[in-house]
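Pasting coords-v3.csv here (CSV, C-alpha atoms and all ligand atoms):
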chain,number,residue,atom,x,y,z
A,1,MET,CA,13.7,-6.3,-22.7
A,2,ALA,CA,11.2,-4.7,-20.3
A,3,THR,CA,11.3,-1.0,-19.2
A,4,LEU,CA,12.0,-0.8,-15.5
A,5,ILE,CA,9.2,0.9,-13.5
A,6,ASP,CA,11.3,2.6,-10.9
A,7,GLY,CA,9.2,2.8,-7.7
A,8,THR,CA,12.0,4.4,-5.7
A,9,ALA,CA,12.2,7.4,-8.1
A,10,ILE,CA,8.5,7.7,-8.5
A,11,ALA,CA,8.0,7.6,-4.8
A,12,ALA,CA,10.7,10.3,-4.3
A,13,ALA,CA,8.9,12.5,-6.8
A,14,ILE,CA,5.6,12.1,-4.8
A,15,ARG,CA,7.4,12.8,-1.5
A,16,ASP,CA,8.7,16.0,-3.0
A,17,GLU,CA,5.2,17.0,-4.0
A,18,VAL,CA,3.9,16.2,-0.5
A,19,ARG,CA,6.8,18.3,1.1
A,20,ALA,CA,6.0,21.3,-1.1
A,21,GLU,CA,2.2,21.1,-0.3
A,22,ALA,CA,2.8,20.6,3.4
A,23,ALA,CA,5.0,23.7,3.5
A,24,GLN,CA,2.2,25.6,1.7
A,25,LEU,CA,-0.4,24.4,4.1
A,26,LYS,CA,1.7,25.6,7.0
A,27,SER,CA,2.4,29.0,5.6
A,28,ARG,CA,-1.2,29.6,4.4
A,29,TYR,CA,-3.2,28.0,7.3
A,30,GLY,CA,-0.6,27.4,10.0
A,31,ILE,CA,-1.5,23.7,9.9
A,32,VAL,CA,1.2,21.0,10.2
A,33,PRO,CA,-0.1,17.7,9.0
A,34,GLY,CA,0.1,15.1,11.8
A,35,LEU,CA,0.2,11.3,11.8
A,36,ALA,CA,-0.3,9.2,14.9
A,37,THR,CA,1.3,5.8,14.7
A,38,ILE,CA,0.3,3.1,17.2
A,39,LEU,CA,2.5,0.1,17.7
A,40,VAL,CA,1.3,-2.6,20.1
A,41,GLY,CA,3.9,-5.2,21.2
A,42,ASP,CA,7.5,-5.6,20.1
A,43,ASP,CA,7.4,-7.4,16.8
A,44,PRO,CA,10.7,-6.3,15.2
A,45,ALA,CA,9.3,-6.1,11.6
A,46,SER,CA,6.4,-4.0,12.7
A,47,ALA,CA,8.7,-1.7,14.8
A,48,THR,CA,10.9,-1.2,11.6
A,49,TYR,CA,7.8,-0.4,9.5
A,50,VAL,CA,6.6,2.2,12.0
A,51,ARG,CA,10.1,3.7,12.4
A,52,ASN,CA,10.4,4.0,8.6
A,53,LYS,CA,7.0,5.7,8.3
A,54,ARG,CA,7.9,8.2,11.1
A,55,LYS,CA,11.2,8.9,9.4
A,56,ALA,CA,9.5,9.5,6.1
A,57,CYS,CA,7.0,11.9,7.8
A,58,ALA,CA,9.8,13.9,9.3
A,59,GLU,CA,11.5,14.2,5.8
A,60,VAL,CA,8.4,15.8,4.3
A,61,GLY,CA,7.3,18.1,7.1
A,62,ILE,CA,4.6,15.9,8.6
A,63,GLN,CA,4.6,15.7,12.4
A,64,SER,CA,4.4,12.2,13.7
A,65,PHE,CA,3.2,11.1,17.1
A,66,GLY,CA,4.4,7.7,18.1
A,67,TYR,CA,2.5,5.5,20.6
A,68,GLU,CA,4.2,2.3,21.7
A,69,LEU,CA,2.0,0.1,23.8
A,70,PRO,CA,3.0,-3.2,25.6
A,71,ALA,CA,2.0,-6.5,24.0
A,72,THR,CA,-0.4,-7.1,27.0
A,73,THR,CA,-2.5,-4.0,26.1
A,74,ALA,CA,-6.2,-4.7,26.5
A,75,GLN,CA,-8.5,-4.0,23.6
A,76,GLY,CA,-10.3,-1.4,25.6
A,77,GLU,CA,-7.1,0.6,26.2
A,78,LEU,CA,-6.3,0.6,22.5
A,79,LEU,CA,-9.8,1.7,21.6
A,80,ASN,CA,-9.6,4.6,24.2
A,81,LEU,CA,-6.3,5.8,22.7
A,82,ILE,CA,-7.8,5.7,19.2
A,83,GLY,CA,-10.8,7.6,20.5
A,84,GLU,CA,-8.6,10.3,22.0
A,85,LEU,CA,-6.5,10.6,18.9
A,86,GLY,CA,-9.7,10.8,16.9
A,87,GLN,CA,-10.6,14.0,18.8
A,88,ARG,CA,-7.3,15.8,18.5
A,89,ALA,CA,-7.0,18.6,16.0
A,90,ASP,CA,-3.3,18.2,15.5
A,91,VAL,CA,-3.7,14.5,14.5
A,92,HIS,CA,-5.0,14.2,10.9
A,93,GLY,CA,-4.2,10.6,10.4
A,94,ILE,CA,-4.2,7.5,12.6
A,95,LEU,CA,-2.2,4.4,11.7
A,96,VAL,CA,-2.7,1.2,13.7
A,97,GLN,CA,0.2,-1.1,12.8
A,98,VAL,CA,-0.9,-4.7,12.1
A,99,PRO,CA,-0.7,-7.5,13.1
A,100,LEU,CA,-2.1,-6.8,16.6
A,101,PRO,CA,-1.7,-9.2,19.6
A,102,ASP,CA,-4.2,-12.0,19.9
A,103,GLN,CA,-6.3,-10.4,22.7
A,104,ILE,CA,-7.2,-7.5,20.3
A,105,ASP,CA,-9.6,-8.0,17.5
A,106,GLU,CA,-8.0,-6.4,14.4
A,107,LYS,CA,-11.2,-5.6,12.7
A,108,THR,CA,-12.6,-3.9,15.8
A,109,ALA,CA,-9.5,-1.8,16.2
A,110,LEU,CA,-9.3,-0.8,12.6
A,111,ASP,CA,-13.0,0.0,12.5
A,112,ALA,CA,-12.5,2.4,15.5
A,113,VAL,CA,-10.3,4.7,13.4
A,114,PRO,CA,-12.6,7.6,12.3
A,115,LEU,CA,-13.2,7.6,8.6
A,116,SER,CA,-11.8,11.1,8.3
A,117,LYS,CA,-8.5,9.9,9.8
A,118,ASP,CA,-8.2,6.5,8.2
A,119,VAL,CA,-5.1,7.4,6.1
A,120,ASP,CA,-4.3,3.6,5.6
A,121,GLY,CA,-7.7,3.3,3.9
A,122,PHE,CA,-8.5,0.1,5.8
A,123,ASN,CA,-11.9,1.1,7.2
A,124,PRO,CA,-14.5,-1.1,5.5
A,125,ALA,CA,-16.4,2.0,4.5
A,126,ASN,CA,-13.3,3.2,2.5
A,127,LEU,CA,-12.8,-0.3,1.0
A,128,GLY,CA,-16.5,-0.8,0.2
A,129,VAL,CA,-16.9,2.2,-2.1
A,130,LEU,CA,-13.9,1.3,-4.2
A,131,GLY,CA,-16.2,-0.9,-6.3
A,132,VAL,CA,-19.1,1.6,-6.5
A,133,LYS,CA,-19.4,3.4,-9.7
A,134,GLY,CA,-19.2,7.2,-9.3
A,135,GLN,CA,-18.0,7.0,-5.7
A,136,ARG,CA,-14.6,7.6,-4.3
A,137,PRO,CA,-13.3,6.6,-0.9
A,138,MET,CA,-12.2,9.2,1.7
A,139,PHE,CA,-8.7,7.6,1.4
A,140,ALA,CA,-7.6,4.9,-1.1
A,141,PRO,CA,-5.7,2.1,0.6
A,142,CYS,CA,-1.9,2.8,0.3
A,143,THR,CA,-0.4,-0.3,-1.5
A,144,PRO,CA,-3.2,-0.6,-4.1
A,145,GLN,CA,-3.1,3.1,-4.8
A,146,GLY,CA,0.6,2.8,-5.1
A,147,CYS,CA,0.2,0.2,-7.9
A,148,ILE,CA,-2.2,2.5,-9.8
A,149,GLU,CA,0.1,5.4,-9.4
A,150,LEU,CA,3.0,3.5,-10.8
A,151,LEU,CA,1.0,2.8,-13.9
A,152,ASP,CA,-0.3,6.4,-14.2
A,153,ARG,CA,3.2,7.9,-13.7
A,154,SER,CA,4.7,5.5,-16.3
A,155,ALA,CA,2.0,6.7,-18.8
A,156,ILE,CA,0.5,3.1,-19.0
A,157,GLN,CA,-3.1,3.1,-20.2
A,158,ILE,CA,-5.5,1.2,-17.9
A,159,ALA,CA,-8.8,1.8,-19.6
A,160,SER,CA,-9.9,-1.1,-21.9
A,161,LYS,CA,-6.8,-3.2,-21.0
A,162,ARG,CA,-7.1,-6.8,-19.8
A,163,ALA,CA,-5.9,-6.8,-16.2
A,164,VAL,CA,-5.3,-9.9,-14.1
A,165,VAL,CA,-4.7,-9.6,-10.4
A,166,LEU,CA,-3.2,-12.6,-8.5
A,167,GLY,CA,-4.4,-12.6,-4.8
A,168,ARG,CA,-7.7,-11.4,-3.3
A,169,SER,CA,-6.6,-10.1,0.1
A,170,THR,CA,-8.6,-7.2,1.6
A,171,ILE,CA,-5.5,-5.1,1.8
A,172,VAL,CA,-4.0,-5.6,-1.6
A,173,GLY,CA,-5.5,-7.9,-4.2
A,174,LEU,CA,-9.2,-7.1,-3.9
A,175,PRO,CA,-8.8,-3.3,-3.7
A,176,VAL,CA,-6.3,-3.3,-6.6
A,177,ALA,CA,-8.8,-5.2,-8.7
A,178,LEU,CA,-11.7,-2.9,-7.8
A,179,MET,CA,-9.5,0.2,-8.6
A,180,LEU,CA,-8.5,-1.2,-12.0
A,181,LEU,CA,-12.1,-1.9,-12.7
A,182,SER,CA,-13.2,1.6,-11.8
A,183,ARG,CA,-10.5,2.8,-14.3
A,184,ASP,CA,-12.3,0.7,-17.0
A,185,ALA,CA,-9.9,-2.2,-17.2
A,186,THR,CA,-11.4,-5.6,-17.8
A,187,VAL,CA,-10.4,-7.4,-14.7
A,188,THR,CA,-9.9,-11.0,-13.6
A,189,LEU,CA,-9.2,-11.7,-10.0
A,190,CYS,CA,-7.4,-15.0,-9.3
A,191,HIS,CA,-6.7,-16.8,-6.0
A,192,SER,CA,-5.5,-20.1,-4.6
A,193,LYS,CA,-8.5,-22.0,-6.0
A,194,THR,CA,-8.2,-20.7,-9.5
A,195,VAL,CA,-7.7,-23.5,-12.0
A,196,ASP,CA,-5.1,-23.2,-14.8
A,197,LEU,CA,-3.6,-19.9,-13.7
A,198,PRO,CA,-1.1,-19.6,-16.6
A,199,SER,CA,-3.9,-19.7,-19.2
A,200,ILE,CA,-5.4,-16.6,-17.5
A,201,THR,CA,-2.2,-14.7,-16.7
A,202,ARG,CA,-1.2,-15.1,-20.4
A,203,GLN,CA,-4.1,-12.9,-21.4
A,204,ALA,CA,-3.1,-10.0,-19.2
A,205,ASP,CA,-2.0,-6.7,-20.6
A,206,ILE,CA,-1.5,-5.7,-16.9
A,207,LEU,CA,-0.6,-8.4,-14.4
A,208,VAL,CA,-0.5,-7.6,-10.7
A,209,ALA,CA,1.0,-10.2,-8.5
A,210,ALA,CA,0.1,-10.1,-4.8
A,211,ILE,CA,0.3,-13.7,-3.5
A,212,GLY,CA,3.3,-13.9,-1.3
A,213,LYS,CA,5.0,-16.8,-3.1
A,214,ALA,CA,8.6,-16.2,-4.2
A,215,ARG,CA,9.0,-16.0,-8.0
A,216,MET,CA,5.8,-18.0,-8.7
A,217,VAL,CA,5.0,-16.1,-11.8
A,218,THR,CA,7.3,-17.5,-14.4
A,219,ALA,CA,8.1,-16.3,-18.0
A,220,ASP,CA,5.7,-18.8,-19.6
A,221,MET,CA,2.8,-17.2,-17.7
A,222,VAL,CA,3.4,-13.8,-19.2
A,223,LYS,CA,2.2,-12.4,-22.5
A,224,PRO,CA,5.0,-10.7,-24.4
A,225,GLY,CA,4.8,-6.9,-23.8
A,226,ALA,CA,2.7,-7.1,-20.7
A,227,VAL,CA,3.1,-4.7,-17.8
A,228,ILE,CA,4.0,-6.5,-14.6
A,229,ILE,CA,3.4,-5.0,-11.1
A,230,ASP,CA,5.0,-7.2,-8.5
A,231,VAL,CA,3.6,-6.5,-5.0
A,232,GLY,CA,5.1,-9.6,-3.4
A,233,THR,CA,7.9,-9.3,-0.8
A,234,ASN,CA,9.4,-12.7,0.1
A,235,ARG,CA,12.6,-13.3,1.9
A,236,ILE,CA,14.7,-16.2,0.5
A,237,ALA,CA,18.0,-17.7,1.6
A,238,ASP,CA,21.1,-16.2,-0.1
A,239,PRO,CA,24.4,-17.3,1.3
A,240,THR,CA,26.2,-14.7,-0.9
A,241,ARG,CA,24.7,-11.9,1.3
A,242,LYS,CA,26.0,-10.9,4.7
A,243,SER,CA,22.5,-11.2,6.1
A,244,GLY,CA,22.2,-14.7,4.6
A,245,SER,CA,18.9,-13.7,2.8
A,246,ARG,CA,17.4,-11.3,0.3
A,247,LEU,CA,14.0,-10.0,-0.8
A,248,VAL,CA,12.4,-11.2,-4.0
A,249,GLY,CA,8.9,-10.6,-5.5
A,250,ASP,CA,6.2,-13.0,-6.6
A,251,VAL,CA,7.6,-12.7,-10.1
A,252,ASP,CA,10.7,-14.4,-11.5
A,253,PHE,CA,12.1,-11.0,-12.4
A,254,GLU,CA,15.2,-12.1,-14.3
A,255,ALA,CA,13.3,-14.3,-16.7
A,256,VAL,CA,10.1,-12.2,-17.0
A,257,LYS,CA,11.9,-9.0,-17.7
A,258,GLU,CA,13.1,-10.5,-21.0
A,259,ILE,CA,9.5,-10.7,-22.4
A,260,ALA,CA,7.5,-8.2,-20.4
A,261,GLY,CA,7.0,-4.6,-21.7
A,262,ALA,CA,7.5,-3.0,-18.3
A,263,ILE,CA,8.1,-4.4,-14.9
A,264,THR,CA,8.6,-3.3,-11.2
A,265,PRO,CA,11.6,-4.6,-9.3
A,266,VAL,CA,11.5,-6.0,-5.8
A,267,PRO,CA,12.8,-4.2,-3.8
A,268,GLY,CA,12.4,-0.7,-5.3
A,269,GLY,CA,9.0,-1.1,-6.9
A,270,VAL,CA,5.7,-1.1,-5.0
A,271,GLY,CA,7.3,-1.0,-1.6
A,272,PRO,CA,8.4,2.6,-1.6
A,273,MET,CA,5.1,3.6,-3.0
A,274,THR,CA,3.2,2.4,0.0
A,275,ILE,CA,4.8,4.9,2.3
A,276,ALA,CA,4.6,7.7,-0.3
A,277,MET,CA,0.8,7.1,-0.5
A,278,LEU,CA,0.5,7.2,3.3
A,279,LEU,CA,2.2,10.6,3.4
A,280,ARG,CA,-0.1,11.8,0.6
A,281,ASN,CA,-3.2,10.6,2.4
A,282,THR,CA,-2.1,12.3,5.6
A,283,LEU,CA,-1.5,15.6,3.7
A,284,LEU,CA,-5.0,15.2,2.2
A,285,ALA,CA,-6.5,14.7,5.6
A,286,ALA,CA,-4.9,17.9,6.9
A,287,ARG,CA,-5.9,19.8,3.8
A,288,ARG,CA,-9.5,18.8,4.3
A,289,GLN,CA,-9.4,20.1,7.8
A,290,ALA,CA,-7.8,23.4,6.6
A,291,GLU,CA,-10.5,23.8,4.0
A,292,LYS,CA,-13.4,23.1,6.4
B,1,LIG,P1,-2.3,-12.7,1.8
B,1,LIG,O1,-1.6,-13.9,2.3
B,1,LIG,O2,-3.3,-12.0,2.6
B,1,LIG,O3,-3.1,-13.1,0.4
B,1,LIG,C1,-2.5,-13.9,-0.6
B,1,LIG,C2,-3.5,-14.1,-1.7
B,1,LIG,O4,-2.8,-14.9,-2.7
B,1,LIG,C3,-4.7,-14.9,-1.3
B,1,LIG,O5,-5.8,-14.3,-1.9
B,1,LIG,C4,-4.5,-16.3,-1.8
B,1,LIG,O6,-5.6,-16.9,-2.2
B,1,LIG,C5,-3.6,-16.0,-3.0
B,1,LIG,N1,-2.7,-17.1,-3.4
B,1,LIG,C6,-1.9,-17.8,-2.5
B,1,LIG,N2,-1.3,-18.8,-3.2
B,1,LIG,C7,-1.8,-18.7,-4.5
B,1,LIG,C8,-1.5,-19.4,-5.7
B,1,LIG,N3,-0.7,-20.5,-5.7
B,1,LIG,N4,-2.1,-19.1,-6.8
B,1,LIG,C9,-3.0,-18.0,-6.8
B,1,LIG,N5,-3.3,-17.3,-5.7
B,1,LIG,C10,-2.7,-17.6,-4.6
B,1,LIG,O7,-1.2,-11.7,1.3
B,1,LIG,P2,-1.2,-10.1,1.1
B,1,LIG,O8,-2.2,-9.7,0.1
B,1,LIG,O9,-1.3,-9.4,2.4
B,1,LIG,O10,0.2,-9.9,0.5
B,1,LIG,C11,0.6,-10.5,-0.7
B,1,LIG,C12,2.1,-10.2,-0.9
B,1,LIG,O11,2.3,-8.8,-1.0
B,1,LIG,C13,3.0,-10.6,0.2
B,1,LIG,O12,4.2,-11.0,-0.3
B,1,LIG,C14,3.2,-9.4,1.0
B,1,LIG,O13,4.4,-9.4,1.7
B,1,LIG,C15,3.2,-8.3,-0.1
B,1,LIG,N6,2.9,-7.0,0.4
B,1,LIG,C16,3.7,-6.0,0.0
B,1,LIG,C17,3.4,-4.7,0.3
B,1,LIG,C18,4.3,-3.6,-0.1
B,1,LIG,O14,4.2,-2.5,0.3
B,1,LIG,N7,5.1,-3.9,-1.1
B,1,LIG,C19,2.2,-4.3,1.2
B,1,LIG,C20,1.4,-5.5,1.5
B,1,LIG,C21,1.7,-6.7,1.1
B,1,LIG,P3,-6.8,-17.4,-1.2
B,1,LIG,O15,-7.6,-16.1,-0.9
B,1,LIG,O16,-7.6,-18.4,-2.0
B,1,LIG,O17,-6.1,-17.9,0.0
As structure tokens - that is how I would like this structure written.
Ligand code: NDP
Amino acid sequence: MATLIDGTAIAAAIRDEVRAEAAQLKSRYGIVPGLATILVGDDPASATYVRNKRKACAEVGIQSFGYELPATTAQGELLNLIGELGQRADVHGILVQVPLPDQIDEKTALDAVPLSKDVDGFNPANLGVLGVKGQRPMFAPCTPQGCIELLDRSAIQIASKRAVVLGRSTIVGLPVALMLLSRDATVTLCHSKTVDLPSITRQADILVAAIGKARMVTADMVKPGAVIIDVGTNRIADPTRKSGSRLVGDVDFEAVKEIAGAITPVPGGVGPMTIAMLLRNTLLAARRQAEK
């Protein structure tokens, strides 16, 4: 039976560290870390994400500045706002919640966030150096860094292990693979065109699933004793719940936990880590300014 990697507990420990360091920054330099959140439109899921991020900021002593723009906002207006926030000394991090409405090009908007305030780590310059030996990004992207942190804080060795990552998206799969590689794992990156996935996943000492397909990774795809990091969040119907649905990962948790060595649950695994990493990146941005 696998050990449970408790993302909720690990994320709480990180938030405690951030809270303590934010207090120190305030008493030593008079600087309160600040995060600006920009929400364009009224997508309810995005609104919830932003609300949760701002609440998490408040809990650790990070000031948050919320900007809610109408769905009809022109790209130029958004770029102006990002430009203004880029100049402000009390804003250390800028978060543009995606997806953005159709009239706004996501890449243009994300690229407009200055590198020194890109606490999401989505700027291509931050992503690009992940794979360069000896270089570190200004900010590591939050969800991938959360996966690495879960391994580190569970004392799971990465170097020399065989790691398989399922999914090659720019925000999760690809950066996770590059980060595992930079930590000296031997990495295979799989995607929808990969042939005979089970024969590859069965070689994994560390298996990261980031595909967005409910319970696709079944027990026969997993090597006994492997470490499983399940990034997937998929909503499935569940008539026993009041809401009529529940969240599951990309991994068939119930079956896989019987043979894996360690596994993250969904919810309560990678999810809480993403926000914890955002808080830590915002603190880092403020600390850099203080030490300038
Ligand atoms: P994307 O849809 O951008 O990428 C999915 C990736 O999975 C693609 O690379 C795709 O391949 C690959 N894929 C799809 N089907 C298969 C298959 N049958 N076999 C192998 N590979 C496949 O998703 P994201 O990376 O944005 O997100 C992945 C999951 O992680 C989602 O469930 C999302 O909700 C979750 N997520 C969770 C976060 C958290 O904080 N916990 C944060 C971000 C995401 P191809 O490139 O060939 O199309």
Using all atoms listed in the file, I'd like a table of the residues in chain A that come within 6 Å of ligand LIG 1 (chain B); for each, show the closest atom pair and its distance in Å rounded to one decimal, ordered by chain and ascending number, as a Markdown table.
| residue | atom | partner | partner_atom | distance |
| --- | --- | --- | --- | --- |
| A:Thr143 | CA | B:LIG1 | O14 | 5.4 |
| A:Leu166 | CA | B:LIG1 | N5 | 5.5 |
| A:Gly167 | CA | B:LIG1 | O4 | 3.5 |
| A:Arg168 | CA | B:LIG1 | O5 | 3.7 |
| A:Ser169 | CA | B:LIG1 | O8 | 4.4 |
| A:Ile171 | CA | B:LIG1 | O8 | 5.9 |
| A:Val172 | CA | B:LIG1 | O8 | 4.8 |
| A:Gly173 | CA | B:LIG1 | O8 | 5.7 |
| A:Cys190 | CA | B:LIG1 | C9 | 5.9 |
| A:His191 | CA | B:LIG1 | N5 | 3.4 |
| A:Ser192 | CA | B:LIG1 | N5 | 3.7 |
| A:Lys193 | CA | B:LIG1 | O16 | 5.5 |
| A:Ala210 | CA | B:LIG1 | C11 | 4.1 |
| A:Ile211 | CA | B:LIG1 | O4 | 3.4 |
| A:Gly212 | CA | B:LIG1 | O12 | 3.2 |
| A:Val231 | CA | B:LIG1 | O11 | 4.8 |
| A:Gly232 | CA | B:LIG1 | O12 | 3.5 |
| A:Thr233 | CA | B:LIG1 | O12 | 4.1 |
| A:Asn234 | CA | B:LIG1 | O12 | 5.5 |
| A:Val270 | CA | B:LIG1 | N7 | 4.8 |
| A:Gly271 | CA | B:LIG1 | N7 | 3.7 |
| A:Thr274 | CA | B:LIG1 | O14 | 5.0 |
So what do you get for atom CA of A:Asp152 versus atom CA of A:Ile228, distance-wise? 13.6 Å
Top pick for closest residue to A:Ser64, considering A:Pro124, A:Gly269, A:Pro198, A:Pro33 and counting all atoms listed in the file: A:Pro33
Cut-off 10 Å: closest stretch 20-81 of chain A/stretch 104-107 of chain A atom pairs per residue, using only C-alpha atoms, as CSV:
residue,atom,partner,partner_atom,distance
A:Val40,CA,A:Ile104,CA,9.8
A:Ala71,CA,A:Ile104,CA,10.0
A:Thr72,CA,A:Ile104,CA,9.6
A:Thr73,CA,A:Ile104,CA,8.2
A:Ala74,CA,A:Ile104,CA,6.9
A:Gln75,CA,A:Ile104,CA,5.0
A:Gly76,CA,A:Ile104,CA,8.7
A:Leu78,CA,A:Ile104,CA,8.4
A:Leu79,CA,A:Ile104,CA,9.6
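Every polymer residue reaching to within 9 Å of (-5.5, 19.8, 5.3), counting all atoms listed in the file, appears in this list: Ala22, Leu25, Tyr29, Ile31, Val32, Pro33, His92, Thr282, Leu283, Leu284, Ala285, Ala286, Arg287, Arg288, Gln289, Ala290, Glu291 and Lys292 of chain A.
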Every residue with an atom at most 12 Å from (-5.8, 5.2, 6.2) (file coordinates; all atoms listed in the file) is what I'm after, so could you write them as a PDB file with C-alpha atoms, keeping the file's coordinate frame?
ATOM      1  CA  LEU A  35       0.200  11.300  11.800  1.00  0.00           C
ATOM      2  CA  ALA A  36      -0.300   9.200  14.900  1.00  0.00           C
ATOM      3  CA  THR A  37       1.300   5.800  14.700  1.00  0.00           C
ATOM      4  CA  HIS A  92      -5.000  14.200  10.900  1.00  0.00           C
ATOM      5  CA  GLY A  93      -4.200  10.600  10.400  1.00  0.00           C
ATOM      6  CA  ILE A  94      -4.200   7.500  12.600  1.00  0.00           C
ATOM      7  CA  LEU A  95      -2.200   4.400  11.700  1.00  0.00           C
ATOM      8  CA  VAL A  96      -2.700   1.200  13.700  1.00  0.00           C
ATOM      9  CA  GLN A  97       0.200  -1.100  12.800  1.00  0.00           C
ATOM     10  CA  LEU A 110      -9.300  -0.800  12.600  1.00  0.00           C
ATOM     11  CA  ASP A 111     -13.000   0.000  12.500  1.00  0.00           C
ATOM     12  CA  ALA A 112     -12.500   2.400  15.500  1.00  0.00           C
ATOM     13  CA  VAL A 113     -10.300   4.700  13.400  1.00  0.00           C
ATOM     14  CA  PRO A 114     -12.600   7.600  12.300  1.00  0.00           C
ATOM     15  CA  LEU A 115     -13.200   7.600   8.600  1.00  0.00           C
ATOM     16  CA  SER A 116     -11.800  11.100   8.300  1.00  0.00           C
ATOM     17  CA  LYS A 117      -8.500   9.900   9.800  1.00  0.00           C
ATOM     18  CA  ASP A 118      -8.200   6.500   8.200  1.00  0.00           C
ATOM     19  CA  VAL A 119      -5.100   7.400   6.100  1.00  0.00           C
ATOM     20  CA  ASP A 120      -4.300   3.600   5.600  1.00  0.00           C
ATOM     21  CA  GLY A 121      -7.700   3.300   3.900  1.00  0.00           C
ATOM     22  CA  PHE A 122      -8.500   0.100   5.800  1.00  0.00           C
ATOM     23  CA  ASN A 123     -11.900   1.100   7.200  1.00  0.00           C
ATOM     24  CA  PRO A 124     -14.500  -1.100   5.500  1.00  0.00           C
ATOM     25  CA  ALA A 125     -16.400   2.000   4.500  1.00  0.00           C
ATOM     26  CA  ASN A 126     -13.300   3.200   2.500  1.00  0.00           C
ATOM     27  CA  LEU A 127     -12.800  -0.300   1.000  1.00  0.00           C
ATOM     28  CA  PRO A 137     -13.300   6.600  -0.900  1.00  0.00           C
ATOM     29  CA  MET A 138     -12.200   9.200   1.700  1.00  0.00           C
ATOM     30  CA  PHE A 139      -8.700   7.600   1.400  1.00  0.00           C
ATOM     31  CA  ALA A 140      -7.600   4.900  -1.100  1.00  0.00           C
ATOM     32  CA  PRO A 141      -5.700   2.100   0.600  1.00  0.00           C
ATOM     33  CA  CYS A 142      -1.900   2.800   0.300  1.00  0.00           C
ATOM     34  CA  THR A 143      -0.400  -0.300  -1.500  1.00  0.00           C
ATOM     35  CA  GLN A 145      -3.100   3.100  -4.800  1.00  0.00           C
ATOM     36  CA  ILE A 171      -5.500  -5.100   1.800  1.00  0.00           C
ATOM     37  CA  THR A 274       3.200   2.400   0.000  1.00  0.00           C
ATOM     38  CA  ILE A 275       4.800   4.900   2.300  1.00  0.00           C
ATOM     39  CA  MET A 277       0.800   7.100  -0.500  1.00  0.00           C
ATOM     40  CA  LEU A 278       0.500   7.200   3.300  1.00  0.00           C
ATOM     41  CA  LEU A 279       2.200  10.600   3.400  1.00  0.00           C
ATOM     42  CA  ARG A 280      -0.100  11.800   0.600  1.00  0.00           C
ATOM     43  CA  ASN A 281      -3.200  10.600   2.400  1.00  0.00           C
ATOM     44  CA  THR A 282      -2.100  12.300   5.600  1.00  0.00           C
ATOM     45  CA  LEU A 283      -1.500  15.600   3.700  1.00  0.00           C
ATOM     46  CA  LEU A 284      -5.000  15.200   2.200  1.00  0.00           C
ATOM     47  CA  ALA A 285      -6.500  14.700   5.600  1.00  0.00           C
TER      48      ALA A 285
END
With a distance cut-off of 9 Å and all atoms listed in the file, select the neighbouring residues of stretch 246-253 of chain A, excluding the residue or stretch itself and same-chain residues fewer than 4 positions from it, and output the selection as a count of residues only. 30
For A:Leu151, which residue among A:Ala89, A:Ala262, A:Ala45, A:Val50 is the nearest when counting all atoms listed in the file? A:Ala262
Correct to one decimal, the distance atom CA of A:Leu85-atom CA of A:Leu100 is 18.1 Å
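One distance worth recording is that between atom CA of A:Leu69 and atom CA of A:Ile82, which is 12.2 Å.
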Which residues, written as an mmCIF file with C-alpha atoms, in the frame of the given file, have at least one atom at most 12 Å from A:Lys55, with all atoms listed in the file counted and residues fewer than 2 positions away on the same chain left out?
data_model
loop_
_atom_site.group_PDB
_atom_site.id
_atom_site.type_symbol
_atom_site.label_atom_id
_atom_site.label_comp_id
_atom_site.auth_asym_id
_atom_site.auth_seq_id
_atom_site.Cartn_x
_atom_site.Cartn_y
_atom_site.Cartn_z
ATOM 1 C CA LEU A 35 0.200 11.300 11.800
ATOM 2 C CA THR A 37 1.300 5.800 14.700
ATOM 3 C CA THR A 48 10.900 -1.200 11.600
ATOM 4 C CA TYR A 49 7.800 -0.400 9.500
ATOM 5 C CA VAL A 50 6.600 2.200 12.000
ATOM 6 C CA ARG A 51 10.100 3.700 12.400
ATOM 7 C CA ASN A 52 10.400 4.000 8.600
ATOM 8 C CA LYS A 53 7.000 5.700 8.300
ATOM 9 C CA CYS A 57 7.000 11.900 7.800
ATOM 10 C CA ALA A 58 9.800 13.900 9.300
ATOM 11 C CA GLU A 59 11.500 14.200 5.800
ATOM 12 C CA VAL A 60 8.400 15.800 4.300
ATOM 13 C CA GLY A 61 7.300 18.100 7.100
ATOM 14 C CA ILE A 62 4.600 15.900 8.600
ATOM 15 C CA GLN A 63 4.600 15.700 12.400
ATOM 16 C CA SER A 64 4.400 12.200 13.700
ATOM 17 C CA PHE A 65 3.200 11.100 17.100
ATOM 18 C CA GLY A 66 4.400 7.700 18.100
ATOM 19 C CA ILE A 275 4.800 4.900 2.300
ATOM 20 C CA ALA A 276 4.600 7.700 -0.300
ATOM 21 C CA LEU A 279 2.200 10.600 3.400
#
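Of the listed residues A:Ala226, A:Val132, A:Ile148, A:Ala56, the one whose atoms come nearest to A:Arg162 is A:Ala226, with distances taken using all atoms listed in the file.
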Using only C-alpha atoms, which of the listed residues (A:Met273, A:Tyr67, A:Asp205, A:Pro224) sits closest to A:Val256? A:Pro224
